[in-house]
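Student: Structure provided below as structure tokens; questions to follow.
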Amino acid sequence: MTVATYAGKEVTVNSEGFFEDPSVWDEEMAPEIANSFGVPELSERHWQVIKFMRHEYETKGEGPSVRALGKSSGVSIKELYELFPKGPAKLAAKIAGIPKPHGCI
Amino acid sequence: MTKNIVILGGGTGGTLVANRAKKVLHDLDVAITVIDQDNEHLYQPGLLFVPFGLKAPESLVRNRKNQLKRGINFLKAEVVSVDTASNRVHLASGDSISYDVLVISTGNTLQIEETEGLSGSGWGKNVFTFYTLEGADALNRALAKFSEGKLVVDIIDVPIKCPVAPLEFCQLADWYFKQKGIRDQIEITLVTPLDGAFTKPVCNRELSGLLRSKGIEVITEFNTGQVDGVSKKLVSYDGREVAYDLAVVVPLHGGADFVGRSPGLGDELNFVTVDEFTLQAKVAPNVFAIGDAPNLPTSKAGSVAHFAGEIVVENIGHYLQGEPLSALFDGHTNCFIESGFHKALLIDFNYETEPLPGHYPSAIGLPLLRESKLNHIGKLLFEKLYWYGILPGRNIPGIKSLMPRMGKRFENQEKGS
Ligand SMILES: Cc1cc2nc3c(=O)[nH]c(=O)nc-3n(C[C@H](O)[C@H](O)[C@H](O)COP(=O)(O)OP(=O)(O)OC[C@H]3O[C@@H](n4cnc5c(N)ncnc54)[C@H](O)[C@@H]3O)c2cc1C
């Protein structure tokens, strides 16, 4: 566990950078989190995904997988990879301040 | 009044729930109906052996109806939707059937069309799957002719049925080509979207080591966006490429299409949303789901259908008598992992406990998370157990639906996993 500072506020994150407590996240932190993970600017499309992630987490208690994002966020899987390179579900979850999506077993 | 229990899908889960319900709920005046779109019950774990000529395809199929106890109705029909508000199942014929309790055990469908190029020009030539009977049979012929080059086993994305099957396939391929004396002319690579060979840490370490020792390369975090059968390569969404000569692909899985057409029943991938402990559907109290169909946070495996089946039958009994659903599933999963050369590993875990070393079902028994000949024999005996023990819904001595803690070495569990 480590402490990171986003938008002037200290938050605890785990070794991979996921928020320990999603409730301390706010929208002002997102651009700085994004920056620290190599996403220089958050466009409207980025925000569409981030807001969707927050909404899913708040209603279902878990962030969606890439496939679920591609089916229901209004952004295709291809574009998700352009917006959030490498692992869109994980990266978007970090930026949205929610836990790592479980993926499956 | 007679209560109608309608079971959708007569595979592993549907068959064992029907047979067990017939036995356990006989005092409750119930009529049991199983609906399936065909009458051929396939022993799916056997598919792994077909490509290597270790099993004949026709030996894996039996008459579906014959696996059901007398007094259970079998209806051959395709389900097109479920209306949980009016308790009716709609069939492709236009007919509908009403139920008092519904069990959904329609498994998974393979979504081959969802991956660009997968069903294209390479399909059946240099791209195969062993997840269907025809596919496994075609792959058998392709492997027999394969004498040099890159064999790539690709998991497009999770969840998949029996998540260890692709790992087993790689190890059997290693054995197969060694037997033929041509292993040094063939590269075997596993391509996975996960960050390791398996999701759970202790097991991942063990399996990764085993694959490495057999010279099987593992490429991780590769999300296949396209299968290019012309230039023979896999392309990931982030632009990486893996060249192959023979690709063995595990296609995307999803729940049955009718789940998507039934309001409120499933999630984006058509998995039925259920309470992970009672297996009751979120959409209605008289609907349950088991096997590969629900969105449970555990493996999609026959053993899960088996253990969860016992829980569901108990809870149906409670529901019909107006009692609270007191039978709770713990996510118990038990899988043999065939590792070639007449050896296998065994893993046993649940929602909370990752696969650990030790023995199963208690301190004396089969070794866990370690290669042994005994486990290989266990894997082979499983086929008999499937037809004569599990499907008929028998109680199997020593095997309980909840995961045994005895015999496991808990000090090996990783903290916080
Ligand atoms: C290659 C491979 C290897 C495996 N190895 C193992 C193993 O070693 N150990 C293990 O425990 N598990 C293994 N499994 C997994 C195991 O076979 C499944 O988890 C299990 O069969 C799931 O049972 P089920 O009842 O949920 O679905 P299924 O047994 O698949 O049954 C679903 C049924 O629903 C019917 N159906 C679907 N849609 C409709 C519809 N619309 N209308 C009417 N009927 C419909 C289908 O015809 C089918 O009969 C393996 C699977 C594969 C593919």
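For the structure tokens, the naming scheme is as follows: chains receive sequential letters (A, B, ...) according to their order of presentation, residues are indexed from 1 within each chain, and ligands are indexed from 1 in presentation order.
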For range 132-138 of chain B, work out the shell of residues within 7 Å, counting only C-alpha atoms and skipping chain neighbours fewer than 5 positions away, then give it as a list in words.
Tutor: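 Near range 132-138 of chain B, the qualifying residues are Leu47, Val50, Pro51 and Pro57 of chain B.
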Student: Which residues are near ligand 1 - at most 6 Å, using only C-alpha atoms and all ligand atoms? Format: as a PyMOL selection string.
Tutor: chain B and resi 9-14+35-38+44-45+47-48+77-80+105-107+131+161-162+165+256+258+291-293+300-303+305+335-336
Student: Can you pull out every residue within 8 Å of range 166-182 of chain B, counting only C-alpha atoms, but drop anything in the same chain fewer than 2 positions away, and send it as number ranges by chain?
Tutor: B: 48, 52, 147-148, 153-155, 163-164, 184-186, 188-190, 197, 211, 214, 216, 250, 337-341
Student: Please build the interface table for range 103-197 of chain B against range 80-103 of chain A with a cut-off of 9 Å, listing for each qualifying residue the nearest atom pair and the distance in Å to one decimal; count only C-alpha atoms, order rows by chain and increasing number, and write it as CSV.
Tutor:
residue,atom,partner,partner_atom,distance
B:Val158,CA,A:Gly103,CA,7.3
B:Pro159,CA,A:Gly103,CA,7.8
B:Leu194,CA,A:Gly103,CA,8.5
Student: Kindly indicate which residue among B:Ile7, B:Val202, B:Ala327, B:Ala247 lies nearest to Glu411 in chain B, using only C-alpha atoms for the distances.
Tutor: B:Val202
Student: Quick check: residues of chain B within 9 Å of chain A, only C-alpha atoms, returned as a ChimeraX atom specification.
Tutor: /B:157-160,163,194,198-200,221-223,225,237-238,267-269,297-300
Student: Take the residues from that selection and write them out as a CSV table (one decimal), in the first residue's frame, keeping N, CA, C and O atoms.
Tutor:
chain,number,residue,atom,x,y,z
B,157,ASP,N,-10.6,-14.5,-25.0
B,157,ASP,CA,-10.9,-13.7,-23.7
B,157,ASP,C,-11.6,-14.7,-22.8
B,157,ASP,O,-12.2,-15.7,-23.1
B,158,VAL,N,-11.6,-14.3,-21.5
B,158,VAL,CA,-12.3,-15.1,-20.5
B,158,VAL,C,-13.6,-14.4,-20.2
B,158,VAL,O,-13.8,-13.3,-20.6
B,159,PRO,N,-14.6,-15.1,-19.7
B,159,PRO,CA,-14.5,-16.5,-19.1
B,159,PRO,C,-14.6,-17.5,-20.2
B,159,PRO,O,-15.2,-17.3,-21.3
B,160,ILE,N,-14.0,-18.7,-19.9
B,160,ILE,CA,-14.1,-19.8,-20.8
B,160,ILE,C,-14.5,-21.1,-20.0
B,160,ILE,O,-14.2,-21.1,-18.8
B,163,PRO,N,-11.2,-23.4,-17.6
B,163,PRO,CA,-10.0,-22.5,-17.9
B,163,PRO,C,-8.7,-23.2,-18.0
B,163,PRO,O,-7.7,-22.6,-18.5
B,194,LEU,N,-4.8,-13.1,-19.8
B,194,LEU,CA,-4.5,-13.0,-18.4
B,194,LEU,C,-3.1,-12.6,-18.2
B,194,LEU,O,-2.3,-12.6,-19.1
B,198,PHE,N,-2.6,-18.9,-15.1
B,198,PHE,CA,-3.8,-19.0,-14.3
B,198,PHE,C,-4.0,-17.8,-13.4
B,198,PHE,O,-3.1,-17.1,-13.1
B,199,THR,N,-5.3,-17.6,-13.0
B,199,THR,CA,-5.5,-16.3,-12.3
B,199,THR,C,-5.1,-16.3,-10.8
B,199,THR,O,-4.7,-15.3,-10.3
B,200,LYS,N,-5.1,-17.5,-10.2
B,200,LYS,CA,-4.8,-17.5,-8.8
B,200,LYS,C,-3.3,-17.8,-8.5
B,200,LYS,O,-2.7,-18.6,-9.1
B,221,GLU,N,-1.3,-11.2,-21.3
B,221,GLU,CA,-2.0,-9.9,-21.6
B,221,GLU,C,-2.1,-9.6,-23.0
B,221,GLU,O,-1.9,-8.5,-23.5
B,222,PHE,N,-2.4,-10.6,-23.8
B,222,PHE,CA,-2.6,-10.5,-25.3
B,222,PHE,C,-4.1,-10.6,-25.5
B,222,PHE,O,-4.7,-11.7,-25.4
B,223,ASN,N,-4.7,-9.5,-25.9
B,223,ASN,CA,-6.2,-9.5,-26.2
B,223,ASN,C,-6.4,-9.6,-27.7
B,223,ASN,O,-6.2,-8.6,-28.4
B,225,GLY,N,-7.6,-9.3,-31.1
B,225,GLY,CA,-8.6,-8.5,-31.8
B,225,GLY,C,-8.9,-9.1,-33.2
B,225,GLY,O,-10.0,-8.9,-33.7
B,237,TYR,N,-5.5,-6.2,-29.8
B,237,TYR,CA,-6.1,-4.8,-29.9
B,237,TYR,C,-5.1,-3.7,-29.8
B,237,TYR,O,-5.3,-2.6,-30.3
B,238,ASP,N,-4.0,-4.0,-29.1
B,238,ASP,CA,-3.0,-2.9,-29.0
B,238,ASP,C,-1.9,-3.1,-30.0
B,238,ASP,O,-0.7,-2.6,-29.9
B,267,ASP,N,-26.7,-10.5,-17.8
B,267,ASP,CA,-25.8,-9.3,-17.9
B,267,ASP,C,-25.4,-9.1,-19.4
B,267,ASP,O,-26.0,-9.7,-20.3
B,268,GLU,N,-24.4,-8.2,-19.7
B,268,GLU,CA,-24.0,-7.9,-21.0
B,268,GLU,C,-23.6,-9.1,-21.8
B,268,GLU,O,-23.8,-9.1,-23.1
B,269,LEU,N,-23.1,-10.1,-21.2
B,269,LEU,CA,-22.6,-11.3,-21.9
B,269,LEU,C,-23.6,-12.4,-21.9
B,269,LEU,O,-23.3,-13.6,-22.2
B,297,PRO,N,-18.7,-15.9,-9.7
B,297,PRO,CA,-17.2,-15.6,-9.7
B,297,PRO,C,-16.4,-16.9,-9.5
B,297,PRO,O,-15.6,-16.9,-8.6
B,298,THR,N,-16.6,-17.9,-10.2
B,298,THR,CA,-15.8,-19.1,-10.1
B,298,THR,C,-15.7,-19.8,-11.5
B,298,THR,O,-16.2,-19.3,-12.4
B,299,SER,N,-14.9,-20.9,-11.6
B,299,SER,CA,-14.7,-21.5,-12.9
B,299,SER,C,-16.0,-22.0,-13.5
B,299,SER,O,-16.9,-22.5,-12.8
B,300,LYS,N,-16.0,-22.1,-14.8
B,300,LYS,CA,-17.1,-22.7,-15.5
B,300,LYS,C,-16.7,-24.2,-15.8
B,300,LYS,O,-15.9,-24.4,-16.7
Student: I'd like the contact shell of Pro263 in chain B - 9 Å cut-off, only C-alpha atoms, skipping same-chain residues fewer than 6 positions apart - returned as a PyMOL selection string.
Tutor: chain B and resi 81-84+283
Student: Restricting it to N, CA and C atoms, dump the selection as a compact mmCIF listing (two decimals), in the first residue's frame.
Tutor:
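Writing the result to selection26.txt gives the following:
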# COMPACT_ATOMS: atom_id res chain seq x y z
N SER B 81 -37.13 -17.33 -25.44
CA SER B 81 -37.11 -16.31 -24.39
C SER B 81 -37.86 -16.79 -23.17
N VAL B 82 -37.62 -16.09 -22.06
CA VAL B 82 -38.33 -16.40 -20.82
C VAL B 82 -38.99 -15.11 -20.35
N ASP B 83 -40.27 -15.21 -20.01
CA ASP B 83 -40.96 -14.06 -19.45
C ASP B 83 -41.16 -14.32 -17.96
N THR B 84 -40.28 -13.73 -17.16
CA THR B 84 -40.32 -14.03 -15.72
C THR B 84 -41.50 -13.34 -15.04
N VAL B 283 -33.63 -11.64 -10.91
CA VAL B 283 -34.85 -11.12 -11.54
C VAL B 283 -36.14 -11.63 -10.88
Student: Let me make sure I understand: among A:Gln48, A:Asn14, A:Thr59, A:Thr5, which one has the smallest atom-to-atom distance to Ser36 in chain A if we use only C-alpha atoms?
Tutor: A:Thr5
Student: Give me, please, the distance in Å between CA of Val34 in chain B and CA of Phe74 in chain B, quoted to one decimal.
Tutor: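 These atoms are spaced 4.9 Å apart.
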Student: Would you list, as a ChimeraX atom specification, the residues of range 327-405 of chain B that end up in helix (DSSP H, G or I) under DSSP run on this structure's backbone?
Tutor: /B:373-390
Student: Separation of CA of Ile290 in chain B and CA of Gly322 in chain B, in Å?
Tutor: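 Between CA of Ile290 in chain B and CA of Gly322 in chain B the gap is 21.2 Å.
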Student: Could you tell me which of B:Leu345, B:Ser98, B:Arg88, B:Val24 comes closest to Leu374 in chain B if we count only C-alpha atoms?
Tutor: B:Leu345
Student: Rounded to one decimal place, report the CA of Ser73 in chain A-CA of Glu44 in chain A distance in Å.
Tutor: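 If I compute the distance from CA of Ser73 in chain A to CA of Glu44 in chain A, I get 13.0 Å.
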Student: Any idea what's packed within 7 Å of Gly331 in chain B, counting only C-alpha atoms, ignoring anything in its chain fewer than 2 positions away? Could you give it as a list in words?
Tutor: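 Residues near the query, excluding close chain neighbours: Thr298, Phe329, Thr333, Asn350 and Tyr351 of chain B.
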Student: Do a neighbour search on Lys232 in chain B at 7 Å with only C-alpha atoms, toss out local chain neighbours closer than 5 positions, and write the hits as a VMD selection string.
Tutor: chain B and resid 243 to 245
